[in-house]
$ cat entry_22.txt   # compact mmCIF, C-alpha atoms and all ligand atoms
# COMPACT_ATOMS: atom_id res chain seq x y z
CA MET A 2 4.83 16.96 11.99
CA LEU A 3 3.61 20.57 11.79
CA MET A 4 0.50 21.45 13.82
CA PRO A 5 -1.41 23.66 11.39
CA ILE A 6 -2.93 26.16 13.83
CA LEU A 7 -0.37 26.43 16.62
CA GLN A 8 2.43 26.30 13.98
CA ILE A 9 4.60 24.06 16.14
CA HIS A 10 6.39 20.85 15.17
CA SER A 11 5.68 17.71 17.18
CA GLU A 12 9.44 16.97 17.16
CA ASP A 13 9.98 20.07 19.35
CA MET A 14 7.28 19.29 21.90
CA PRO A 15 7.91 17.81 25.35
CA ALA A 16 5.40 15.61 27.18
CA TYR A 17 4.59 18.25 29.81
CA ALA A 18 2.80 21.57 29.23
CA ILE A 19 1.42 24.53 31.13
CA VAL A 20 -1.46 26.22 29.32
CA CYS A 21 -2.98 29.62 30.06
CA GLY A 22 -5.35 32.03 28.34
CA ASP A 23 -3.15 35.09 28.05
CA PRO A 24 -0.11 35.11 25.70
CA ALA A 25 1.52 37.66 28.04
CA ARG A 26 1.13 35.21 30.94
CA ALA A 27 2.75 32.50 28.82
CA GLU A 28 5.71 34.81 28.27
CA LYS A 29 5.84 35.57 32.01
CA ILE A 30 5.89 31.86 32.84
CA SER A 31 8.53 31.19 30.18
CA ARG A 32 10.89 33.58 32.00
CA LYS A 33 11.03 31.03 34.83
CA LEU A 34 12.41 28.37 32.46
CA GLU A 35 16.02 27.73 31.50
CA GLN A 36 17.21 27.29 27.91
CA VAL A 37 13.90 28.77 26.82
CA ARG A 38 12.94 29.02 23.14
CA GLU A 39 9.85 30.59 21.60
CA LEU A 40 8.57 28.14 18.99
CA ALA A 41 5.65 30.10 17.53
CA PHE A 42 3.17 32.94 18.05
CA SER A 43 0.26 32.07 15.81
CA ARG A 44 -3.12 33.80 16.40
CA GLU A 45 -3.61 33.75 20.22
CA TYR A 46 -1.38 30.69 20.60
CA ARG A 47 2.12 31.52 21.85
CA THR A 48 4.38 28.53 22.48
CA PHE A 49 7.61 28.37 24.48
CA VAL A 50 9.71 25.36 25.47
CA GLY A 51 12.39 25.21 28.14
CA GLN A 52 13.45 23.48 31.31
CA PHE A 53 12.28 23.80 34.90
CA GLU A 54 14.34 21.90 37.47
CA GLY A 55 15.79 19.89 34.58
CA VAL A 56 12.36 18.90 33.23
CA GLN A 57 11.66 19.82 29.62
CA MET A 58 8.23 21.49 29.37
CA ALA A 59 6.14 23.74 27.15
CA VAL A 60 4.18 26.87 28.02
CA VAL A 61 1.36 27.68 25.61
CA SER A 62 -1.39 30.31 25.55
CA HIS A 63 -4.86 29.19 24.43
CA GLY A 64 -6.82 32.45 24.33
CA VAL A 65 -10.27 33.16 25.79
CA GLY A 66 -13.10 30.65 25.45
CA SER A 67 -13.52 26.92 24.97
CA PRO A 68 -13.67 26.57 21.15
CA GLY A 69 -10.34 28.32 20.60
CA ALA A 70 -8.75 26.68 23.62
CA ALA A 71 -9.93 23.27 22.39
CA VAL A 72 -7.92 23.72 19.19
CA CYS A 73 -4.85 24.33 21.33
CA PHE A 74 -5.46 21.32 23.62
CA GLU A 75 -6.12 19.00 20.64
CA GLU A 76 -2.99 20.07 18.76
CA LEU A 77 -0.79 19.86 21.85
CA ILE A 78 -1.93 16.30 22.54
CA ARG A 79 -1.49 15.37 18.85
CA ALA A 80 2.01 16.82 19.08
CA GLY A 81 2.86 14.48 21.96
CA VAL A 82 1.92 16.36 25.14
CA THR A 83 0.59 13.91 27.73
CA THR A 84 0.25 16.10 30.85
CA LEU A 85 -1.37 19.54 30.85
CA ILE A 86 -1.91 22.03 33.67
CA ARG A 87 -4.05 25.11 33.10
CA VAL A 88 -2.93 28.23 34.96
CA GLY A 89 -5.89 30.56 34.69
CA THR A 90 -8.00 33.23 36.35
CA ALA A 91 -11.58 32.85 37.60
CA GLY A 92 -14.38 34.65 39.39
CA SER A 93 -15.20 33.36 42.87
CA TYR A 94 -18.57 32.16 44.16
CA THR A 95 -17.70 32.59 47.79
CA ALA A 96 -16.40 35.27 50.14
CA ASP A 97 -14.21 32.49 51.60
CA TYR A 98 -12.05 32.82 48.46
CA PRO A 99 -11.89 36.50 47.51
CA ALA A 100 -9.65 38.11 44.89
CA GLY A 101 -6.09 37.02 45.53
CA SER A 102 -7.00 33.41 46.43
CA VAL A 103 -6.25 30.40 44.25
CA ILE A 104 -8.42 27.34 43.54
CA VAL A 105 -7.35 23.89 42.37
CA SER A 106 -10.16 22.61 40.13
CA THR A 107 -11.12 18.97 40.75
CA ALA A 108 -13.91 18.98 38.14
CA ALA A 109 -15.78 21.43 35.93
CA VAL A 110 -19.49 21.99 35.36
CA ARG A 111 -20.03 21.81 31.59
CA THR A 112 -22.16 24.84 30.77
CA ASP A 113 -20.10 25.47 27.62
CA GLY A 114 -21.22 24.65 24.09
CA LEU A 115 -17.95 23.12 22.87
CA THR A 116 -17.95 19.95 24.98
CA ARG A 117 -21.59 19.27 24.02
CA GLN A 118 -20.30 18.72 20.49
CA LEU A 119 -17.77 16.17 21.79
CA VAL A 120 -19.53 14.03 24.43
CA PRO A 121 -23.12 13.53 25.64
CA ASP A 122 -24.65 15.66 28.40
CA GLY A 123 -23.96 14.11 31.78
CA PHE A 124 -20.47 12.94 30.85
CA PRO A 125 -18.26 14.40 33.60
CA ALA A 126 -15.39 16.83 33.08
CA VAL A 127 -12.92 15.71 35.74
CA ALA A 128 -9.29 16.44 36.50
CA ASP A 129 -6.69 13.70 36.62
CA ILE A 130 -6.32 12.66 40.27
CA GLY A 131 -2.51 12.49 40.12
CA VAL A 132 -2.19 15.96 38.59
CA THR A 133 -4.63 17.35 41.15
CA GLN A 134 -2.72 15.78 44.03
CA ALA A 135 0.54 17.19 42.69
CA LEU A 136 -1.03 20.66 42.46
CA ILE A 137 -2.37 20.52 46.02
CA GLU A 138 0.95 19.35 47.41
CA ALA A 139 2.86 21.97 45.41
CA ALA A 140 0.47 24.69 46.60
CA ARG A 141 1.24 23.74 50.18
CA GLY A 142 4.95 23.46 49.43
CA THR A 143 5.31 26.77 47.62
CA GLY A 144 3.34 28.44 50.41
CA SER A 145 5.64 27.28 53.13
CA GLY A 146 8.69 27.87 50.95
CA THR A 147 9.87 31.21 49.65
CA ASP A 148 7.85 33.55 51.82
CA GLY A 149 7.66 31.31 54.87
CA ALA A 150 3.92 31.57 55.51
CA SER A 151 2.31 28.98 57.74
CA VAL A 152 0.11 26.40 56.07
CA ALA A 153 -3.05 25.15 57.81
CA SER A 154 -3.87 21.56 56.90
CA ASP A 155 -7.60 22.18 56.34
CA ALA A 156 -7.19 25.53 54.54
CA PRO A 157 -3.88 25.44 52.69
CA THR A 158 -2.28 28.73 51.79
CA THR A 159 0.47 29.81 49.42
CA GLY A 160 2.19 32.81 50.94
CA ALA A 161 -0.64 35.18 51.80
CA THR A 162 -2.77 33.33 49.27
CA LYS A 163 -5.70 31.13 50.34
CA VAL A 164 -5.95 27.89 48.38
CA GLY A 165 -9.31 26.22 47.76
CA VAL A 166 -9.83 22.78 46.24
CA GLY A 167 -13.10 21.93 44.51
CA ILE A 168 -15.49 22.17 41.59
CA THR A 169 -15.32 25.04 39.10
CA VAL A 170 -17.84 26.09 36.45
CA THR A 171 -16.92 26.58 32.79
CA LEU A 172 -19.02 29.27 31.10
CA ASP A 173 -19.06 30.58 27.52
CA ALA A 174 -20.32 34.07 28.41
CA PHE A 175 -18.08 36.50 30.24
CA PHE A 176 -20.48 39.46 30.03
CA THR A 177 -24.16 38.69 30.58
CA GLY A 178 -26.98 39.29 28.11
CA VAL A 179 -30.69 39.01 28.84
CA GLU A 180 -30.54 35.33 29.80
CA GLU A 181 -29.82 34.62 33.44
CA ILE A 182 -26.74 32.51 34.24
CA PRO A 183 -27.68 30.31 37.23
CA HIS A 184 -24.74 31.40 39.39
CA ARG A 185 -26.83 31.09 42.57
CA LYS A 186 -27.52 27.40 41.88
CA TYR A 187 -23.88 26.61 41.09
CA LYS A 188 -22.89 28.37 44.27
CA GLN A 189 -25.54 26.60 46.39
CA ALA A 190 -24.42 23.28 44.92
CA GLY A 191 -20.90 24.01 46.13
CA ALA A 192 -18.98 25.26 43.09
CA LEU A 193 -16.13 27.53 44.12
CA ALA A 194 -15.46 29.62 41.00
CA ALA A 195 -16.26 30.20 37.31
CA GLU A 196 -13.98 30.52 34.31
CA MET A 197 -14.12 29.63 30.60
CA GLU A 198 -11.91 26.68 29.51
CA ILE A 199 -11.39 23.99 32.15
CA ALA A 200 -14.26 21.72 31.04
CA ALA A 201 -12.84 21.68 27.51
CA LEU A 202 -9.40 20.79 28.87
CA TYR A 203 -10.73 17.95 31.01
CA ILE A 204 -13.04 16.48 28.36
CA ILE A 205 -10.44 16.62 25.57
CA SER A 206 -7.77 15.15 27.84
CA THR A 207 -10.10 12.31 28.85
CA LEU A 208 -11.07 11.63 25.22
CA ARG A 209 -7.49 11.65 23.94
CA GLY A 210 -5.86 9.75 26.82
CA ALA A 211 -3.92 12.67 28.29
CA ARG A 212 -4.01 13.80 31.93
CA ALA A 213 -4.89 17.33 33.01
CA GLY A 214 -5.37 19.54 36.02
CA ALA A 215 -6.03 23.22 36.61
CA ILE A 216 -5.35 25.98 39.08
CA VAL A 217 -6.95 29.42 38.88
CA ALA A 218 -6.22 32.76 40.53
CA ILE A 219 -9.35 34.51 41.78
CA ASP A 220 -9.73 38.02 40.32
CA GLY A 221 -13.20 38.97 41.62
CA PHE A 222 -16.66 37.52 42.14
CA ALA A 223 -18.44 35.64 39.36
CA ASP A 224 -22.03 36.18 40.52
CA SER A 225 -23.87 39.47 40.58
CA ASP A 226 -24.79 39.08 44.29
CA LEU A 227 -21.18 39.54 45.25
CA ALA A 228 -19.92 41.50 42.27
CA ALA A 229 -17.98 44.58 43.19
CA GLU A 230 -16.11 46.54 40.57
CA TYR A 231 -14.19 44.03 38.47
CA ASP A 232 -10.47 44.75 38.46
CA PRO A 233 -8.18 41.87 37.52
CA HIS A 234 -5.10 44.14 37.69
CA THR A 235 -4.63 44.49 41.46
CA GLY A 236 -1.54 43.53 43.41
CA ALA A 237 -3.46 40.77 45.21
CA VAL A 238 -4.40 39.15 41.89
CA ALA A 239 -0.84 39.50 40.57
CA ASN A 240 0.41 37.79 43.73
CA ALA A 241 -2.08 34.94 43.29
CA VAL A 242 -1.05 34.53 39.64
CA GLU A 243 2.59 34.39 40.70
CA GLN A 244 1.74 31.74 43.32
CA GLU A 245 -0.27 29.59 40.91
CA ILE A 246 2.53 29.75 38.31
CA ASN A 247 5.09 28.56 40.87
CA THR A 248 2.67 25.88 42.03
CA ALA A 249 2.02 24.57 38.51
CA LEU A 250 5.72 24.52 37.57
CA GLN A 251 6.53 22.61 40.75
CA ALA A 252 3.65 20.16 40.22
CA LEU A 253 4.66 19.47 36.61
CA ALA A 254 8.29 18.87 37.60
CA THR A 255 7.17 16.49 40.37
CA LEU A 256 4.94 14.55 37.97
CA ALA A 257 7.78 14.26 35.44
CA ARG A 258 10.14 12.94 38.12
CA GLN A 259 7.49 10.44 39.27
CA ASP A 260 7.07 9.28 35.67
CA GLN A 261 10.80 8.72 35.31
CA ALA A 262 11.12 6.77 38.60
O1 LIG A 301 -6.88 34.16 32.63
P1 LIG A 301 -7.33 33.12 31.65
O2 LIG A 301 -6.43 31.94 31.62
O3 LIG A 301 -7.53 33.70 30.25
O4 LIG A 301 -8.76 32.60 32.16
C1 LIG A 301 -9.91 33.40 32.35
O5 LIG A 301 -9.81 34.74 31.88
C2 LIG A 301 -10.50 34.90 30.64
C3 LIG A 301 -11.61 35.89 30.81
O6 LIG A 301 -11.11 37.12 31.19
C4 LIG A 301 -11.01 33.52 30.28
O7 LIG A 301 -10.09 32.91 29.42
C5 LIG A 301 -11.11 32.87 31.61
O8 LIG A 301 -11.15 31.48 31.63
O1 LIG A 302 -14.05 33.82 33.28
C1 LIG A 302 -13.69 34.56 34.22
C2 LIG A 302 -12.34 34.82 34.47
C3 LIG A 302 -11.99 35.63 35.50
N1 LIG A 302 -12.96 36.18 36.28
C4 LIG A 302 -14.26 35.94 36.04
O2 LIG A 302 -15.13 36.46 36.75
N2 LIG A 302 -14.60 35.13 35.00

$ encode --input "entry_22.txt" --output "structure tokens" --more "lines below"
Ligand SMILES: O=P(O)(O)O[C@H]1O[C@H](CO)[C@@H](O)[C@H]1O
Ligand SMILES: O=c1cc[nH]c(=O)[nH]1
Amino acid sequence: MLMPILQIHSEDMPAYAIVCGDPARAEKISRKLEQVRELAFSREYRTFVGQFEGVQMAVVSHGVGSPGAAVCFEELIRAGVTTLIRVGTAGSYTADYPAGSVIVSTAAVRTDGLTRQLVPDGFPAVADIGVTQALIEAARGTGSGTDGASVASDAPTTGATKVGVGITVTLDAFFTGVEEIPHRKYKQAGALAAEMEIAALYIISTLRGARAGAIVAIDGFADSDLAAEYDPHTGAVANAVEQEINTALQALATLARQDQA
């Protein structure tokens, strides 16, 4: 069956998918796959399929913002995807996790408009516990692997990259207007970072019976208290993106092997 917006056929889709905002990041991730094929590049949605460690998986870009990303998540699940990991970027709420860190999102604060049109206020946007566990373990594993960095049990690292685990905030606005975004409250309540699509991913996955998790590379500070000059194109951010990609690929392969066992 043809998915009308992504322009992919369900017959071509594996059960496992990595999703990310940027089509260029999808292409970068696809280069780590074997027997890779590009299925479609429709609007902001670029879809590749290939194998990682023998596991057939897809890599798909969803663009910026929850409404557009929701179209991608819905069509992927309709096409047969059952496990999704978002590999994104986010602004940090804490100097403990500066640019170049990565965060595994356990749940997302729903400040977006999209999920309000799907479920009532108060319904939680939570990650799948198995996907989250696989991401945390892979983050520790990739950290102690290729570049041999030590991994502290309470503050896991990947290479030189600090890894946080906790709540993220999903916003609709990237640039502020005249309304104040309550960053200070989110931060005081313990949220680690803000981005723009994770709540949609978690709510849609919960509604449709799929499982999802997310990892984000920190590219600056989300709140104006900490905001320095925003530059998502530094070497530290590129390193964190590389680490989160390796982590997500490893986690997805582990989940697939667990499913087969
Ligand atoms: O890097 P990606 O995956 O696009 O994620 C973040 O970056 C975009 C904003 O620059 C938003 O999509 C936000 O969620
Ligand atoms: O939504 C986003 C993504 C990256 N960095 C931010 O500060 N916000």

$ residues_near_ligand --input "entry_22.txt" --ligand "ligand LIG 302 (chain A)" --cutoff "8 Å" --atoms "all atoms listed in the file" --output "ChimeraX atom specification"
/A:89-93,171-172,174-175,195-197,219-224,231,233

$ closest_residue --input "entry_22.txt" --among "A:Met4, A:Thr95, A:Val56, A:Ala201" --to "ligand LIG 301 (chain A)" --atoms "all atoms listed in the file"
A:Ala201

$ residues_around --input "entry_22.txt" --residues "Gln52 in chain A" --least-positions-apart "3" --cutoff "7 Å" --atoms "all atoms listed in the file" --output "ChimeraX atom specification"
/A:34-37,55-58

$ closest_residue --input "entry_22.txt" --among "A:Leu250, A:Leu119, A:Ala27, A:Val65" --to "Thr207 in chain A" --atoms "all atoms listed in the file"
A:Leu119

$ closest_residue --input "entry_22.txt" --among "A:Asp173, A:Glu181, A:Asp260, A:Asp97" --to "ligand LIG 301 (chain A)" --atoms "only C-alpha atoms and all ligand atoms"
A:Asp173

$ axis_aligned_box --input "entry_22.txt" --around "range 176-180 of chain A" --padding-each-side "5 Å" --output "JSON"
{"center_x": -25.6, "center_y": 37.4, "center_z": 29.3, "size_x": 20.2, "size_y": 14.1, "size_z": 12.5}

$ residues_around --input "entry_22.txt" --residues "range 39-44 of chain A" --least-positions-apart "5" --cutoff "9 Å" --atoms "only C-alpha atoms" --output "list of chain:residue names"
A:Ile6, A:Leu7, A:Gln8, A:Ile9, A:His10, A:Asp13, A:Pro24, A:Glu28, A:Ser31, A:Phe49, A:Val50, A:Gly51, A:Gly64

$ closest_residue --input "entry_22.txt" --among "A:Thr133, A:Thr162, A:Thr83, A:Thr48" --to "Ser102 in chain A" --atoms "all atoms listed in the file"
A:Thr162

$ closest_residue --input "entry_22.txt" --among "A:Leu115, A:Val20, A:Ala126, A:Leu136" --to "ligand LIG 301 (chain A)" --atoms "all atoms listed in the file"
A:Val20

$ closest_residue --input "entry_22.txt" --among "A:Asp129, A:Asp113, A:Glu243, A:Glu198" --to "Ile182 in chain A" --atoms "all atoms listed in the file"
A:Asp113

$ atom_distance --input "entry_22.txt" --atom1 "CA of Ser67 in chain A" --atom2 "atom P1 of ligand LIG 301 (chain A)"
11.0 Å

$ build_atoms --input "entry_22.txt" --residues "range 70-98 of chain A" --atoms "N, CA and C atoms" --output "mmCIF file, in the frame of the given file"
data_model
loop_
_atom_site.group_PDB
_atom_site.id
_atom_site.type_symbol
_atom_site.label_atom_id
_atom_site.label_comp_id
_atom_site.auth_asym_id
_atom_site.auth_seq_id
_atom_site.Cartn_x
_atom_site.Cartn_y
_atom_site.Cartn_z
ATOM 1 N N ALA A 70 -9.642 27.427 22.728
ATOM 2 C CA ALA A 70 -8.750 26.680 23.620
ATOM 3 C C ALA A 70 -8.718 25.204 23.225
ATOM 4 N N ALA A 71 -9.856 24.683 22.780
ATOM 5 C CA ALA A 71 -9.930 23.270 22.390
ATOM 6 C C ALA A 71 -8.977 22.968 21.239
ATOM 7 N N VAL A 72 -8.863 23.897 20.305
ATOM 8 C CA VAL A 72 -7.920 23.720 19.190
ATOM 9 C C VAL A 72 -6.506 23.564 19.746
ATOM 10 N N CYS A 73 -6.174 24.396 20.711
ATOM 11 C CA CYS A 73 -4.850 24.330 21.330
ATOM 12 C C CYS A 73 -4.650 22.994 22.035
ATOM 13 N N PHE A 74 -5.619 22.576 22.857
ATOM 14 C CA PHE A 74 -5.460 21.320 23.620
ATOM 15 C C PHE A 74 -5.328 20.135 22.648
ATOM 16 N N GLU A 75 -6.159 20.117 21.613
ATOM 17 C CA GLU A 75 -6.120 19.000 20.640
ATOM 18 C C GLU A 75 -4.753 18.947 19.944
ATOM 19 N N GLU A 76 -4.269 20.096 19.495
ATOM 20 C CA GLU A 76 -2.990 20.070 18.760
ATOM 21 C C GLU A 76 -1.827 19.736 19.688
ATOM 22 N N LEU A 77 -1.877 20.204 20.916
ATOM 23 C CA LEU A 77 -0.790 19.860 21.850
ATOM 24 C C LEU A 77 -0.746 18.360 22.083
ATOM 25 N N ILE A 78 -1.905 17.751 22.279
ATOM 26 C CA ILE A 78 -1.930 16.300 22.540
ATOM 27 C C ILE A 78 -1.503 15.541 21.276
ATOM 28 N N ARG A 79 -1.964 16.008 20.104
ATOM 29 C CA ARG A 79 -1.490 15.370 18.850
ATOM 30 C C ARG A 79 0.017 15.497 18.696
ATOM 31 N N ALA A 80 0.565 16.593 19.207
ATOM 32 C CA ALA A 80 2.010 16.820 19.080
ATOM 33 C C ALA A 80 2.816 16.047 20.110
ATOM 34 N N GLY A 81 2.142 15.336 21.020
ATOM 35 C CA GLY A 81 2.860 14.480 21.960
ATOM 36 C C GLY A 81 2.791 14.885 23.417
ATOM 37 N N VAL A 82 2.063 15.969 23.731
ATOM 38 C CA VAL A 82 1.920 16.360 25.140
ATOM 39 C C VAL A 82 0.987 15.366 25.836
ATOM 40 N N THR A 83 1.402 14.894 27.001
ATOM 41 C CA THR A 83 0.590 13.910 27.730
ATOM 42 C C THR A 83 0.062 14.442 29.058
ATOM 43 N N THR A 84 0.668 15.549 29.557
ATOM 44 C CA THR A 84 0.250 16.100 30.850
ATOM 45 C C THR A 84 0.097 17.609 30.697
ATOM 46 N N LEU A 85 -1.103 18.110 31.031
ATOM 47 C CA LEU A 85 -1.370 19.540 30.850
ATOM 48 C C LEU A 85 -1.893 20.130 32.158
ATOM 49 N N ILE A 86 -1.374 21.293 32.514
ATOM 50 C CA ILE A 86 -1.910 22.030 33.670
ATOM 51 C C ILE A 86 -2.316 23.417 33.205
ATOM 52 N N ARG A 87 -3.599 23.765 33.436
ATOM 53 C CA ARG A 87 -4.050 25.110 33.100
ATOM 54 C C ARG A 87 -3.797 26.040 34.291
ATOM 55 N N VAL A 88 -3.207 27.187 33.981
ATOM 56 C CA VAL A 88 -2.930 28.230 34.960
ATOM 57 C C VAL A 88 -3.770 29.430 34.548
ATOM 58 N N GLY A 89 -4.935 29.580 35.182
ATOM 59 C CA GLY A 89 -5.890 30.560 34.690
ATOM 60 C C GLY A 89 -6.301 31.588 35.732
ATOM 61 N N THR A 90 -7.340 32.362 35.383
ATOM 62 C CA THR A 90 -8.000 33.230 36.350
ATOM 63 C C THR A 90 -9.481 32.866 36.367
ATOM 64 N N ALA A 91 -10.165 33.207 37.461
ATOM 65 C CA ALA A 91 -11.580 32.850 37.600
ATOM 66 C C ALA A 91 -12.258 33.826 38.546
ATOM 67 N N GLY A 92 -13.584 33.871 38.444
ATOM 68 C CA GLY A 92 -14.380 34.650 39.390
ATOM 69 C C GLY A 92 -14.875 33.717 40.493
ATOM 70 N N SER A 93 -14.839 34.208 41.726
ATOM 71 C CA SER A 93 -15.200 33.360 42.870
ATOM 72 C C SER A 93 -16.709 33.345 43.105
ATOM 73 N N TYR A 94 -17.186 32.237 43.703
ATOM 74 C CA TYR A 94 -18.570 32.160 44.160
ATOM 75 C C TYR A 94 -18.710 32.358 45.659
ATOM 76 N N THR A 95 -17.601 32.553 46.339
ATOM 77 C CA THR A 95 -17.700 32.590 47.790
ATOM 78 C C THR A 95 -16.732 33.601 48.402
ATOM 79 N N ALA A 96 -17.241 34.308 49.426
ATOM 80 C CA ALA A 96 -16.400 35.270 50.140
ATOM 81 C C ALA A 96 -15.249 34.569 50.860
ATOM 82 N N ASP A 97 -15.337 33.232 51.005
ATOM 83 C CA ASP A 97 -14.210 32.490 51.600
ATOM 84 C C ASP A 97 -12.968 32.571 50.721
ATOM 85 N N TYR A 98 -13.185 32.745 49.411
ATOM 86 C CA TYR A 98 -12.050 32.820 48.460
ATOM 87 C C TYR A 98 -12.177 34.098 47.633
#
